[in-house]
Structure formats: C-alpha cells, structure tokens
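> Input structure: run_38.pdb, which contains PDB, C-alpha atoms and all ligand atoms.
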ATOM      1  CA  MET A   1      -3.615 -46.715  37.190
ATOM      2  CA  ASP A   2      -3.645 -48.817  34.028
ATOM      3  CA  ASN A   3      -7.298 -49.730  33.976
ATOM      4  CA  LYS A   4      -8.653 -46.159  33.918
ATOM      5  CA  TRP A   5     -11.107 -45.924  31.067
ATOM      6  CA  ILE A   6     -10.084 -42.280  30.615
ATOM      7  CA  ASP A   7      -6.884 -40.953  32.089
ATOM      8  CA  LEU A   8      -7.330 -37.686  34.023
ATOM      9  CA  THR A   9      -4.322 -38.229  36.264
ATOM     10  CA  GLY A  10      -3.375 -35.064  38.125
ATOM     11  CA  LYS A  11      -6.168 -32.941  36.642
ATOM     12  CA  VAL A  12      -7.783 -30.634  39.199
ATOM     13  CA  VAL A  13     -11.558 -30.526  38.839
ATOM     14  CA  ILE A  14     -14.152 -28.540  40.806
ATOM     15  CA  VAL A  15     -17.556 -30.222  41.082
ATOM     16  CA  THR A  16     -20.376 -28.089  42.467
ATOM     17  CA  GLY A  17     -23.124 -30.030  44.188
ATOM     18  CA  GLY A  18     -20.769 -32.981  44.531
ATOM     19  CA  SER A  19     -22.042 -34.170  47.925
ATOM     20  CA  MET A  20     -24.895 -36.251  46.538
ATOM     21  CA  GLY A  21     -26.757 -37.427  43.474
ATOM     22  CA  ILE A  22     -25.276 -36.888  40.042
ATOM     23  CA  GLY A  23     -22.454 -34.750  41.451
ATOM     24  CA  GLU A  24     -21.424 -37.540  43.800
ATOM     25  CA  ALA A  25     -21.364 -39.997  40.882
ATOM     26  CA  ILE A  26     -19.312 -37.555  38.798
ATOM     27  CA  THR A  27     -16.857 -37.064  41.650
ATOM     28  CA  ALA A  28     -16.385 -40.822  42.073
ATOM     29  CA  ASP A  29     -15.857 -41.325  38.338
ATOM     30  CA  LEU A  30     -13.382 -38.427  38.109
ATOM     31  CA  LYS A  31     -11.400 -39.831  41.030
ATOM     32  CA  SER A  32     -11.330 -43.288  39.492
ATOM     33  CA  CYS A  33      -9.802 -41.624  36.417
ATOM     34  CA  GLY A  34      -7.042 -40.108  38.568
ATOM     35  CA  ALA A  35      -8.358 -36.542  38.996
ATOM     36  CA  LYS A  36      -8.106 -34.428  42.126
ATOM     37  CA  VAL A  37     -11.542 -33.126  43.005
ATOM     38  CA  ALA A  38     -12.735 -30.070  44.910
ATOM     39  CA  ILE A  39     -16.375 -30.328  45.934
ATOM     40  CA  PHE A  40     -18.336 -27.113  46.470
ATOM     41  CA  ASP A  41     -21.653 -27.786  48.181
ATOM     42  CA  MET A  42     -24.115 -26.425  50.722
ATOM     43  CA  ALA A  43     -24.748 -29.947  51.941
ATOM     44  CA  ASP A  44     -22.190 -31.762  54.061
ATOM     45  CA  LEU A  45     -19.911 -34.228  52.348
ATOM     46  CA  LYS A  46     -20.044 -37.862  53.483
ATOM     47  CA  PRO A  47     -16.839 -38.311  55.524
ATOM     48  CA  GLU A  48     -15.875 -41.429  53.555
ATOM     49  CA  ALA A  49     -15.694 -39.311  50.372
ATOM     50  CA  LEU A  50     -12.707 -37.331  51.704
ATOM     51  CA  ASP A  51      -9.131 -38.384  50.948
ATOM     52  CA  GLU A  52      -5.858 -36.689  50.009
ATOM     53  CA  ASN A  53      -7.091 -36.076  46.453
ATOM     54  CA  THR A  54     -10.407 -34.595  47.538
ATOM     55  CA  MET A  55     -11.208 -31.290  49.165
ATOM     56  CA  TYR A  56     -14.568 -29.956  50.242
ATOM     57  CA  VAL A  57     -15.743 -26.384  50.661
ATOM     58  CA  LYS A  58     -19.141 -25.659  52.147
ATOM     59  CA  LEU A  59     -20.701 -22.699  50.370
ATOM     60  CA  ASP A  60     -23.706 -21.275  48.670
ATOM     61  CA  ILE A  61     -22.981 -20.798  44.962
ATOM     62  CA  ARG A  62     -25.263 -17.736  44.963
ATOM     63  CA  LYS A  63     -22.748 -15.857  47.139
ATOM     64  CA  LYS A  64     -20.002 -14.269  45.060
ATOM     65  CA  ALA A  65     -17.572 -13.743  47.954
ATOM     66  CA  GLU A  66     -17.942 -17.367  49.110
ATOM     67  CA  VAL A  67     -17.380 -18.637  45.580
ATOM     68  CA  GLU A  68     -14.280 -16.497  45.042
ATOM     69  CA  ALA A  69     -12.794 -17.549  48.389
ATOM     70  CA  ALA A  70     -13.439 -21.221  47.592
ATOM     71  CA  VAL A  71     -11.788 -20.969  44.178
ATOM     72  CA  ALA A  72      -8.732 -19.342  45.816
ATOM     73  CA  GLN A  73      -8.615 -22.227  48.318
ATOM     74  CA  VAL A  74      -8.505 -24.772  45.498
ATOM     75  CA  VAL A  75      -5.617 -22.967  43.810
ATOM     76  CA  GLU A  76      -3.787 -22.800  47.116
ATOM     77  CA  LYS A  77      -4.243 -26.508  47.839
ATOM     78  CA  PHE A  78      -3.916 -28.070  44.388
ATOM     79  CA  GLY A  79      -1.965 -25.333  42.539
ATOM     80  CA  THR A  80      -4.358 -24.865  39.617
ATOM     81  CA  ILE A  81      -7.800 -25.653  38.189
ATOM     82  CA  ASP A  82      -8.157 -27.703  35.009
ATOM     83  CA  ALA A  83     -11.908 -28.170  34.862
ATOM     84  CA  LEU A  84     -15.177 -27.103  36.435
ATOM     85  CA  VAL A  85     -18.324 -29.209  36.551
ATOM     86  CA  ASN A  86     -21.090 -26.684  37.173
ATOM     87  CA  ASN A  87     -23.499 -29.319  38.463
ATOM     88  CA  ALA A  88     -25.274 -27.848  41.518
ATOM     89  CA  GLY A  89     -28.885 -27.192  40.699
ATOM     90  CA  VAL A  90     -32.380 -27.397  42.122
ATOM     91  CA  THR A  91     -35.871 -28.098  40.911
ATOM     92  CA  ARG A  92     -39.371 -27.329  42.178
ATOM     93  CA  PRO A  93     -42.061 -28.764  39.899
ATOM     94  CA  ARG A  94     -44.619 -25.984  39.441
ATOM     95  CA  ILE A  95     -47.437 -25.299  36.984
ATOM     96  CA  LEU A  96     -47.987 -21.779  35.702
ATOM     97  CA  VAL A  97     -51.559 -21.602  37.020
ATOM     98  CA  ASP A  98     -53.294 -24.051  39.384
ATOM     99  CA  TYR A  99     -55.904 -25.009  36.819
ATOM    100  CA  TYR A 100     -56.879 -28.143  38.838
ATOM    101  CA  LYS A 101     -57.732 -25.832  41.766
ATOM    102  CA  GLU A 102     -56.639 -28.325  44.412
ATOM    103  CA  CYS A 103     -53.024 -27.488  45.219
ATOM    104  CA  PRO A 104     -52.283 -23.764  45.008
ATOM    105  CA  GLN A 105     -48.862 -24.459  46.529
ATOM    106  CA  TYR A 106     -47.854 -26.100  43.243
ATOM    107  CA  GLU A 107     -48.499 -22.929  41.243
ATOM    108  CA  LEU A 108     -45.314 -21.080  40.271
ATOM    109  CA  SER A 109     -44.643 -18.283  42.784
ATOM    110  CA  GLU A 110     -42.164 -15.431  42.817
ATOM    111  CA  ASP A 111     -40.286 -17.236  45.567
ATOM    112  CA  ASP A 112     -40.016 -20.356  43.381
ATOM    113  CA  PHE A 113     -38.828 -18.252  40.460
ATOM    114  CA  ASP A 114     -36.162 -16.430  42.486
ATOM    115  CA  PHE A 115     -34.989 -19.675  44.099
ATOM    116  CA  LEU A 116     -34.620 -21.533  40.782
ATOM    117  CA  VAL A 117     -33.030 -18.657  38.892
ATOM    118  CA  GLY A 118     -30.798 -17.781  41.838
ATOM    119  CA  ILE A 119     -29.178 -21.197  42.077
ATOM    120  CA  ASN A 120     -29.427 -22.589  38.550
ATOM    121  CA  GLU A 121     -28.519 -19.417  36.666
ATOM    122  CA  LYS A 122     -26.810 -16.962  38.987
ATOM    123  CA  GLY A 123     -24.872 -19.658  40.849
ATOM    124  CA  THR A 124     -23.721 -21.231  37.590
ATOM    125  CA  PHE A 125     -22.529 -17.845  36.336
ATOM    126  CA  LEU A 126     -20.693 -16.901  39.544
ATOM    127  CA  VAL A 127     -18.707 -20.135  39.741
ATOM    128  CA  ALA A 128     -17.877 -20.066  36.026
ATOM    129  CA  GLN A 129     -16.653 -16.470  36.263
ATOM    130  CA  ALA A 130     -14.351 -17.082  39.235
ATOM    131  CA  VAL A 131     -12.905 -20.254  37.696
ATOM    132  CA  THR A 132     -12.459 -18.719  34.243
ATOM    133  CA  ARG A 133     -10.162 -16.057  35.727
ATOM    134  CA  VAL A 134      -7.804 -18.880  36.774
ATOM    135  CA  MET A 135      -8.097 -20.723  33.454
ATOM    136  CA  LEU A 136      -7.352 -17.567  31.458
ATOM    137  CA  GLU A 137      -3.951 -17.274  33.127
ATOM    138  CA  LYS A 138      -2.857 -20.663  31.841
ATOM    139  CA  HIS A 139      -4.759 -20.505  28.573
ATOM    140  CA  SER A 140      -6.539 -23.827  29.086
ATOM    141  CA  GLY A 141      -9.483 -25.380  30.867
ATOM    142  CA  VAL A 142     -12.834 -27.079  30.464
ATOM    143  CA  ILE A 143     -16.197 -26.027  31.892
ATOM    144  CA  VAL A 144     -19.062 -28.527  31.879
ATOM    145  CA  ASN A 145     -22.458 -26.992  32.650
ATOM    146  CA  MET A 146     -25.335 -29.177  33.827
ATOM    147  CA  SER A 147     -28.416 -28.462  31.750
ATOM    148  CA  SER A 148     -31.319 -30.891  31.408
ATOM    149  CA  GLU A 149     -33.502 -32.512  28.793
ATOM    150  CA  ALA A 150     -36.214 -30.176  30.144
ATOM    151  CA  GLY A 151     -34.030 -27.195  29.235
ATOM    152  CA  LEU A 152     -33.686 -28.301  25.630
ATOM    153  CA  ARG A 153     -37.283 -29.461  25.080
ATOM    154  CA  GLY A 154     -39.517 -27.924  27.767
ATOM    155  CA  SER A 155     -41.386 -29.969  30.339
ATOM    156  CA  VAL A 156     -44.970 -29.973  31.630
ATOM    157  CA  GLY A 157     -45.029 -28.682  35.205
ATOM    158  CA  HIS A 158     -41.384 -27.639  35.107
ATOM    159  CA  SER A 159     -41.453 -24.445  33.065
ATOM    160  CA  CYS A 160     -39.315 -22.316  35.346
ATOM    161  CA  TYR A 161     -36.784 -25.084  35.974
ATOM    162  CA  ALA A 162     -36.696 -25.779  32.233
ATOM    163  CA  ALA A 163     -36.153 -22.075  31.521
ATOM    164  CA  THR A 164     -33.171 -21.980  33.889
ATOM    165  CA  LYS A 165     -31.717 -25.037  32.186
ATOM    166  CA  ALA A 166     -32.271 -23.436  28.774
ATOM    167  CA  ALA A 167     -30.327 -20.469  30.152
ATOM    168  CA  VAL A 168     -27.543 -22.833  31.198
ATOM    169  CA  HIS A 169     -27.451 -24.221  27.665
ATOM    170  CA  SER A 170     -27.294 -20.674  26.341
ATOM    171  CA  PHE A 171     -24.405 -19.867  28.724
ATOM    172  CA  THR A 172     -22.607 -22.895  27.285
ATOM    173  CA  GLN A 173     -23.045 -21.685  23.721
ATOM    174  CA  SER A 174     -22.014 -18.099  24.448
ATOM    175  CA  TRP A 175     -19.142 -18.827  26.821
ATOM    176  CA  GLY A 176     -17.874 -21.470  24.400
ATOM    177  CA  LYS A 177     -17.791 -18.826  21.685
ATOM    178  CA  GLU A 178     -16.224 -16.210  23.977
ATOM    179  CA  LEU A 179     -13.548 -18.388  25.524
ATOM    180  CA  GLY A 180     -12.402 -20.643  22.698
ATOM    181  CA  LYS A 181      -9.648 -18.249  21.696
ATOM    182  CA  PHE A 182      -8.262 -18.484  25.226
ATOM    183  CA  GLY A 183      -7.982 -22.281  25.078
ATOM    184  CA  ILE A 184     -11.053 -22.878  27.229
ATOM    185  CA  ARG A 185     -13.713 -25.355  26.114
ATOM    186  CA  VAL A 186     -17.255 -24.975  27.441
ATOM    187  CA  LEU A 187     -19.684 -27.860  27.192
ATOM    188  CA  GLY A 188     -23.120 -28.734  28.436
ATOM    189  CA  ILE A 189     -24.731 -31.988  29.371
ATOM    190  CA  ALA A 190     -28.482 -32.551  29.377
ATOM    191  CA  PRO A 191     -29.559 -35.672  31.269
ATOM    192  CA  GLY A 192     -33.066 -37.011  30.789
ATOM    193  CA  ILE A 193     -34.879 -39.366  33.142
ATOM    194  CA  LEU A 194     -32.476 -40.956  35.582
ATOM    195  CA  ASP A 195     -33.054 -44.026  37.684
ATOM    196  CA  ARG A 196     -32.901 -42.091  40.943
ATOM    197  CA  THR A 197     -35.745 -39.773  40.040
ATOM    198  CA  PRO A 198     -38.703 -41.678  41.608
ATOM    199  CA  ALA A 199     -37.108 -41.825  45.026
ATOM    200  CA  ASN A 200     -35.576 -38.396  44.702
ATOM    201  CA  ASN A 201     -37.991 -36.483  46.901
ATOM    202  CA  ASP A 202     -41.623 -37.283  47.717
ATOM    203  CA  GLU A 203     -42.751 -33.660  47.707
ATOM    204  CA  LYS A 204     -41.167 -33.031  44.310
ATOM    205  CA  TYR A 205     -42.668 -36.229  42.959
ATOM    206  CA  ARG A 206     -46.169 -35.314  44.214
ATOM    207  CA  ALA A 207     -45.890 -31.804  42.723
ATOM    208  CA  GLN A 208     -44.747 -33.262  39.422
ATOM    209  CA  ALA A 209     -47.580 -35.815  39.293
ATOM    210  CA  TYR A 210     -50.119 -33.106  40.162
ATOM    211  CA  GLY A 211     -48.809 -30.827  37.426
ATOM    212  CA  ARG A 212     -49.311 -33.639  34.932
ATOM    213  CA  GLY A 213     -52.945 -34.105  35.911
ATOM    214  CA  MET A 214     -52.342 -37.352  37.817
ATOM    215  CA  GLY A 215     -53.304 -36.027  41.263
ATOM    216  CA  THR A 216     -50.985 -36.442  44.211
ATOM    217  CA  ASP A 217     -51.667 -40.101  45.060
ATOM    218  CA  VAL A 218     -50.353 -41.791  41.956
ATOM    219  CA  LYS A 219     -47.816 -44.532  42.626
ATOM    220  CA  PRO A 220     -44.301 -44.077  41.243
ATOM    221  CA  GLU A 221     -44.600 -47.357  39.276
ATOM    222  CA  GLN A 222     -47.636 -45.961  37.481
ATOM    223  CA  PHE A 223     -46.118 -42.514  36.999
ATOM    224  CA  PHE A 224     -42.979 -43.904  35.452
ATOM    225  CA  LYS A 225     -44.446 -46.878  33.585
ATOM    226  CA  ASN A 226     -44.588 -45.211  30.177
ATOM    227  CA  TYR A 227     -40.834 -44.679  30.153
ATOM    228  CA  LYS A 228     -40.436 -48.133  28.620
ATOM    229  CA  THR A 229     -42.005 -46.731  25.475
ATOM    230  CA  SER A 230     -41.205 -43.006  25.683
ATOM    231  CA  ILE A 231     -37.460 -43.610  26.084
ATOM    232  CA  PRO A 232     -36.131 -45.376  22.982
ATOM    233  CA  LEU A 233     -33.583 -47.299  25.044
ATOM    234  CA  GLY A 234     -36.489 -48.440  27.237
ATOM    235  CA  ARG A 235     -35.157 -47.456  30.646
ATOM    236  CA  PRO A 236     -34.061 -44.493  32.757
ATOM    237  CA  GLY A 237     -30.355 -43.661  32.736
ATOM    238  CA  HIS A 238     -27.867 -44.498  35.455
ATOM    239  CA  LEU A 239     -25.974 -41.739  37.247
ATOM    240  CA  SER A 240     -22.725 -43.383  36.129
ATOM    241  CA  GLU A 241     -23.813 -42.941  32.509
ATOM    242  CA  VAL A 242     -23.978 -39.178  33.063
ATOM    243  CA  ALA A 243     -20.673 -39.188  34.937
ATOM    244  CA  ASP A 244     -18.926 -41.064  32.125
ATOM    245  CA  VAL A 245     -19.899 -38.379  29.605
ATOM    246  CA  VAL A 246     -18.551 -35.671  31.925
ATOM    247  CA  CYS A 247     -15.195 -37.485  32.242
ATOM    248  CA  TYR A 248     -14.991 -37.801  28.472
ATOM    249  CA  LEU A 249     -15.809 -34.116  27.894
ATOM    250  CA  ILE A 250     -13.115 -33.045  30.361
ATOM    251  CA  SER A 251     -10.518 -35.305  28.772
ATOM    252  CA  ASP A 252      -8.341 -34.428  25.796
ATOM    253  CA  HIS A 253     -10.284 -37.006  23.759
ATOM    254  CA  ALA A 254     -12.943 -34.275  23.462
ATOM    255  CA  SER A 255     -10.412 -31.614  22.470
ATOM    256  CA  TYR A 256     -12.406 -30.370  19.463
ATOM    257  CA  LEU A 257     -15.773 -30.116  21.227
ATOM    258  CA  SER A 258     -17.041 -26.819  22.595
ATOM    259  CA  ALA A 259     -20.165 -24.645  22.831
ATOM    260  CA  ILE A 260     -22.597 -27.556  22.604
ATOM    261  CA  THR A 261     -24.837 -29.441  25.014
ATOM    262  CA  ILE A 262     -24.896 -33.237  24.810
ATOM    263  CA  PRO A 263     -28.246 -34.899  25.578
ATOM    264  CA  VAL A 264     -27.881 -38.008  27.752
ATOM    265  CA  GLY A 265     -31.427 -39.245  27.566
ATOM    266  CA  GLY A 266     -31.517 -42.667  25.990
ATOM    267  CA  GLY A 267     -32.677 -41.156  22.706
ATOM    268  CA  LYS A 268     -35.788 -39.507  24.165
ATOM    269  CA  ASP A 269     -37.086 -36.340  22.456
TER     270      ASP A 269
HETATM  271  N1  LIG B   1     -31.974 -35.963  38.675
HETATM  272  C1  LIG B   1     -32.275 -35.823  37.405
HETATM  273  O1  LIG B   1     -33.012 -36.630  36.899
HETATM  274  C2  LIG B   1     -31.681 -34.689  36.576
HETATM  275  C3  LIG B   1     -31.963 -34.638  35.219
HETATM  276  C4  LIG B   1     -31.408 -33.611  34.450
HETATM  277  C5  LIG B   1     -30.593 -32.663  35.035
HETATM  278  N2  LIG B   1     -30.338 -32.714  36.358
HETATM  279  C6  LIG B   1     -29.453 -31.687  36.929
HETATM  280  O2  LIG B   1     -28.315 -32.319  37.483
HETATM  281  C7  LIG B   1     -27.830 -31.573  38.594
HETATM  282  C8  LIG B   1     -27.736 -32.465  39.823
HETATM  283  O3  LIG B   1     -29.017 -32.994  40.077
HETATM  284  P1  LIG B   1     -29.281 -34.091  41.197
HETATM  285  O4  LIG B   1     -30.511 -34.806  40.792
HETATM  286  O5  LIG B   1     -28.053 -34.853  41.478
HETATM  287  O6  LIG B   1     -29.653 -33.125  42.421
HETATM  288  P2  LIG B   1     -29.440 -33.342  43.994
HETATM  289  O7  LIG B   1     -30.485 -32.510  44.654
HETATM  290  O8  LIG B   1     -29.360 -34.774  44.344
HETATM  291  O9  LIG B   1     -28.003 -32.685  44.246
HETATM  292  C9  LIG B   1     -27.788 -31.321  44.027
HETATM  293  C10 LIG B   1     -26.621 -30.862  44.879
HETATM  294  O10 LIG B   1     -26.451 -29.451  44.687
HETATM  295  C11 LIG B   1     -26.282 -28.847  45.965
HETATM  296  N3  LIG B   1     -26.741 -27.460  45.940
HETATM  297  C12 LIG B   1     -27.999 -27.025  45.700
HETATM  298  N4  LIG B   1     -28.056 -25.688  45.820
HETATM  299  C13 LIG B   1     -26.799 -25.259  46.131
HETATM  300  C14 LIG B   1     -26.225 -23.996  46.395
HETATM  301  N5  LIG B   1     -26.952 -22.875  46.355
HETATM  302  N6  LIG B   1     -24.908 -23.937  46.686
HETATM  303  C15 LIG B   1     -24.165 -25.060  46.748
HETATM  304  N7  LIG B   1     -24.652 -26.292  46.518
HETATM  305  C16 LIG B   1     -25.961 -26.395  46.227
HETATM  306  C17 LIG B   1     -27.123 -29.690  46.906
HETATM  307  O11 LIG B   1     -26.725 -29.502  48.253
HETATM  308  C18 LIG B   1     -26.853 -31.097  46.381
HETATM  309  O12 LIG B   1     -25.704 -31.672  46.969
HETATM  310  C19 LIG B   1     -28.785 -30.401  38.769
HETATM  311  O13 LIG B   1     -28.264 -29.264  38.124
HETATM  312  C20 LIG B   1     -30.042 -30.891  38.071
HETATM  313  O14 LIG B   1     -30.849 -29.840  37.623
HETATM  314  C21 LIG B   1     -30.859 -33.704  37.143
END
So that I can check it, write out the structure of this file as structure tokens.
Ligand SMILES: NC(=O)c1ccc[n+]([C@@H]2O[C@H](COP(=O)([O-])OP(=O)(O)OC[C@H]3O[C@@H](n4cnc5c(N)ncnc54)[C@H](O)[C@@H]3O)[C@@H](O)[C@H]2O)c1


Amino acid sequence: MDNKWIDLTGKVVIVTGGSMGIGEAITADLKSCGAKVAIFDMADLKPEALDENTMYVKLDIRKKAEVEAAVAQVVEKFGTIDALVNNAGVTRPRILVDYYKECPQYELSEDDFDFLVGINEKGTFLVAQAVTRVMLEKHSGVIVNMSSEAGLRGSVGHSCYAATKAAVHSFTQSWGKELGKFGIRVLGIAPGILDRTPANNDEKYRAQAYGRGMGTDVKPEQFFKNYKTSIPLGRPGHLSEVADVVCYLISDHASYLSAITIPVGGGKD
C-alpha cells in the first residue's frame, strides 16, 4: 500500500488487449498501484492473472454489441469506470507494392487494410464511445489510446499500420478537445522499439525484414543491431517503461494533460 509509486487505489480501469504483451504489463502495473482492472480481449487470460480486483471479458472490440455489453458488466461489477486504456491493436507488416517480386503475400491487400483499420481504428472508437457514455455521467475519466512511433513518423513496410496509429493519435487530439469540458482527459502513448519485438512473431518479423529489403532470412541480431545507434538511449524499451507512463497519465499527477500523444521511444525520431 505505501510503496506504490503512483497511487491508483480503487480506480476502475478497462484495459483492452490486456491478456498479453504491453497490455499485460499495463495491467500488472495498474494493479500494483491499487487499481481494479477489467481486461477486454479476444485471447484467453492466463488464469493466474485473475483475482478479486480483476475481471476478464472475452470479446472482439470490432463488435459494438459485445463492447457495450462488456462495459455494462464492468459497471455492474465495479460500480463505475475511471479510465480506459485502449491498447488492443494488431500489425501486419506490408509494403505498398511487392517491388522485390519475391513475396507477393507481403504486399498490402484489401484484407490487410480492412483487418488493420477494423481493429486499430474502429475497435478503438467503439470502446471509447461506450466508455465515454459512463464517464460523462460522472463528469470525469481518462482515456489512454495506444498509438505508435510509426503513427507519428511513418515506417517503411508498415504504412497501413502506421496510418491506423496516426488515426489513433488524431482521435486523441479530437476527443481531448471534445471531452475536456466534461472533465474527461484523453491521452495517447506512442511506444517505439520494445524489447519484445524480435521474438514477437516470426511471420511478422520476416515480413518486416522483407519490406526493408533484407530478404526473409536475416537474423534478428542483424536486423536489430543498428538500434544501438538509431535509438539515442541505445536500447529498445521495456514493456514496464510503457506501463509506467500509462499509470502516470491515468493518475491525478497528470491532471493538466490532455489531447496529446507522448512518445516513449528512447528519444528516437
Ligand atoms: N510491440 C511494439 O513494439 C509496439 C510498439 C508501438 C505500439 N504498439 C501497440 O501497442 C498495443 C499492444 O501491442 P502488443 O505488442 O502488446 O501486441 P500483442 O499482439 O502482444 O497484444 C495485443 C492484444 O490485443 C488483443 N486483440 C487483438 N485484436 C483484438 C480484438 N479485435 N478484440 C479484442 N482484443 C484484441 C490480442 O488478443 C492481444 O491480447 C497495440 O495497439 C500495438 O499496435 C506496440
């Protein structure tokens, strides 16, 4: 209780995509700060992550009815919602045209486009809308949207993903401006290279390497070796370093921040 680095005791926070990865790290950090967490995810939650201050709803954030029912369940169980971490998101590294003429499957398709926009943009909007209705009633709340360094700067081989994350940043700016007068802060976070990325998913890694002209056989050590120089802090970020920023943004210590996206990228452009 006394050694919490930020005190979120009793705050009720929804984390989408909280079953794994960054969302899992955010959930753990929020709980260590005393928050009650509701995880919305398509993927199953590890059983050990469940306790009396944690609830889990399996859903697809693209489905409005599922999202609205899940939000109602949180209010029923925990009585209110203080914050939303709109973290669930997907990537498929794709180049606009297969100019290397070896892997047509890594050229951006309509299916890729619909998949990325459907989850990263539509899903983010649907959850924010349902949660905002609850926050409006009590005239307070915080929404943290997960953008990406790619969304702020662009990224070779990730144009569609980057565009969805630019849209998320734009949601943050507009919703922050819309909702400020109702006591709701809206913030974005834009992580850069994180230390889980190489092991994240072989297929995604191969597609990303191919899109950057490195073929599909390049070793992760080689692919990631230039990060020592391209990231001013000389290393990828830890998931906990993203989670810590989220906890801060949700807390009252950030009470005058809204409508901006914070890069968490070790100083990388
Ligand atoms: N990993 C990185 O380096 C990085 C960098 C910048 C931004 N991000 C962003 O951070 C967020 C989390 O990334 P991650 O690397 O932890 O990803 P991840 O794939 O490890 O986890 C994403 C979670 O979202 C869930 N999810 C996906 N689609 C869903 C849907 N339709 N409905 C409900 N849940 C769904 C998945 O089941 C999973 O649990 C994403 O928005 C991502 O774009 C990641």

> So which residues touch region 27-36 of chain A within 6 Å, counting only C-alpha atoms, skipping near sequence neighbours fewer than 2 positions away, as number ranges by chain?

A: 4, 6-12, 24-25, 53-54

> Would you export the selected residues with C-alpha atoms as a PDB file, keeping the file's coordinate frame, please?


ATOM      1  CA  LYS A   4      -8.653 -46.159  33.918  1.00  0.00           C
ATOM      2  CA  ILE A   6     -10.084 -42.280  30.615  1.00  0.00           C
ATOM      3  CA  ASP A   7      -6.884 -40.953  32.089  1.00  0.00           C
ATOM      4  CA  LEU A   8      -7.330 -37.686  34.023  1.00  0.00           C
ATOM      5  CA  THR A   9      -4.322 -38.229  36.264  1.00  0.00           C
ATOM      6  CA  GLY A  10      -3.375 -35.064  38.125  1.00  0.00           C
ATOM      7  CA  LYS A  11      -6.168 -32.941  36.642  1.00  0.00           C
ATOM      8  CA  VAL A  12      -7.783 -30.634  39.199  1.00  0.00           C
ATOM      9  CA  GLU A  24     -21.424 -37.540  43.800  1.00  0.00           C
ATOM     10  CA  ALA A  25     -21.364 -39.997  40.882  1.00  0.00           C
ATOM     11  CA  ASN A  53      -7.091 -36.076  46.453  1.00  0.00           C
ATOM     12  CA  THR A  54     -10.407 -34.595  47.538  1.00  0.00           C
TER      13      THR A  54
END

> Please measure the separation of CA of Ala70 (chain A) and atom C12 of ligand LIG 1 (chain B), giving the value in Å to one decimal.

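Taking CA of Ala70 (chain A) and atom C12 of ligand LIG 1 (chain B), their separation equals 15.8 Å.
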
> From the options A:Pro232, A:Gly141, A:Pro220, A:Gly188, which residue's atoms come nearest to Ala83 (chain A), counting all atoms listed in the file?

A:Gly141

> Decode the PyMOL selection byres (((chain A and resi 243-256) around 6) and not hetatm) for the given file into explicit residues and return them as a list in words.

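On the file shown, the PyMOL selection byres (((chain A and resi 243-256) around 6) and not hetatm) covers Ile26, Val142, Ser240, Glu241, Val242 and Leu257 of chain A.
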
> List the spatial neighbours of Phe224 (chain A) as a ChimeraX atom specification - criterion: any atom at most 10 Å away, only C-alpha atoms, same-chain residues fewer than 3 positions off excluded.

/A:193,197-198,219-221,227-228,230,235-236

> Write out the residues from the selection above, keeping C-alpha atoms, as a PDB file, in the coordinates of the input.


ATOM      1  CA  ILE A 193     -34.879 -39.366  33.142  1.00  0.00           C
ATOM      2  CA  THR A 197     -35.745 -39.773  40.040  1.00  0.00           C
ATOM      3  CA  PRO A 198     -38.703 -41.678  41.608  1.00  0.00           C
ATOM      4  CA  LYS A 219     -47.816 -44.532  42.626  1.00  0.00           C
ATOM      5  CA  PRO A 220     -44.301 -44.077  41.243  1.00  0.00           C
ATOM      6  CA  GLU A 221     -44.600 -47.357  39.276  1.00  0.00           C
ATOM      7  CA  TYR A 227     -40.834 -44.679  30.153  1.00  0.00           C
ATOM      8  CA  LYS A 228     -40.436 -48.133  28.620  1.00  0.00           C
ATOM      9  CA  SER A 230     -41.205 -43.006  25.683  1.00  0.00           C
ATOM     10  CA  ARG A 235     -35.157 -47.456  30.646  1.00  0.00           C
ATOM     11  CA  PRO A 236     -34.061 -44.493  32.757  1.00  0.00           C
TER      12      PRO A 236
END

> Using all atoms listed in the file, determine which residues lie at most 8 Å from Leu187 (chain A), disregarding the query and same-chain residues fewer than 6 positions distant; provide the list as an NGL selection string.

:A and (142-145 or 172-173 or 176 or 249 or 257-262)

> What is the distance, in Å and to one decimal place, between CA of Ala190 (chain A) and CA of Val57 (chain A)?

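CA of Val57 (chain A) lies 25.6 Å from CA of Ala190 (chain A).
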
> Would you compute the distance between CA of Phe223 (chain A) and atom C18 of ligand LIG 1 (chain B)? Give it in Å to one decimal.

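That distance, rounded to one decimal, is 24.3 Å.
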
> Need the shell around His158 (chain A): protein/DNA/RNA residues with any atom at most 7 Å away, counting only C-alpha atoms. Skip same-chain ones fewer than 2 positions apart. Format as a list in words?

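Contacts, in chain order: Pro93, Arg94, Ile95, Ser155, Val156, Cys160, Tyr161 and Ala162 of chain A.
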
> Show me which residues are within 6 Å of ligand LIG 1 (chain B) counting all atoms listed in the file, and format the list as JSON, numbers by chain.

{"A": [17, 18, 19, 20, 21, 22, 23, 41, 42, 43, 59, 60, 61, 62, 87, 88, 89, 90, 119, 146, 147, 148, 190, 191, 192, 193, 194, 197]}

> Go through A:Thr91, A:Gln222, A:Gln73, A:Ser174 one by one, measure the shortest atom-to-atom distance of each to Ser159 (chain A) using all atoms listed in the file, and give the residue with the smallest value.

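Ranking A:Thr91, A:Gln222, A:Gln73, A:Ser174 by distance to Ser159 (chain A), first place goes to A:Thr91.
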
> Which residue out of A:Glu76, A:Asp51, A:Glu178, A:Asp44 has the minimum interatomic distance to Thr132 (chain A) when all atoms listed in the file are used?

A:Glu178

> Pull out every residue that the PyMOL selection byres (((chain A and resi 108) around 7) and not hetatm) matches in the shown coordinates and put them as a PyMOL selection string.

chain A and resi 94-96+106-107+109-110+112

> Which is closest to Ser140 (chain A) among A:Val117, A:Ala38, A:Cys103, A:Leu179, if we use all atoms listed in the file?

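Looking at the shortest contact to Ser140 (chain A), the residue is A:Leu179.
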
> Using all atoms listed in the file for the distances, tell me which of A:Gln105, A:Glu149, A:Gly183, A:Ala207 is nearest to Val264 (chain A).

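The answer is A:Glu149, which sits nearest to Val264 (chain A).
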
> Which one of A:Leu50, A:Val218, A:Ala69, A:Ala128 sits closest to Trp175 (chain A) if you count only C-alpha atoms?

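The shortest atom-to-atom distance to Trp175 (chain A) comes from A:Ala128.
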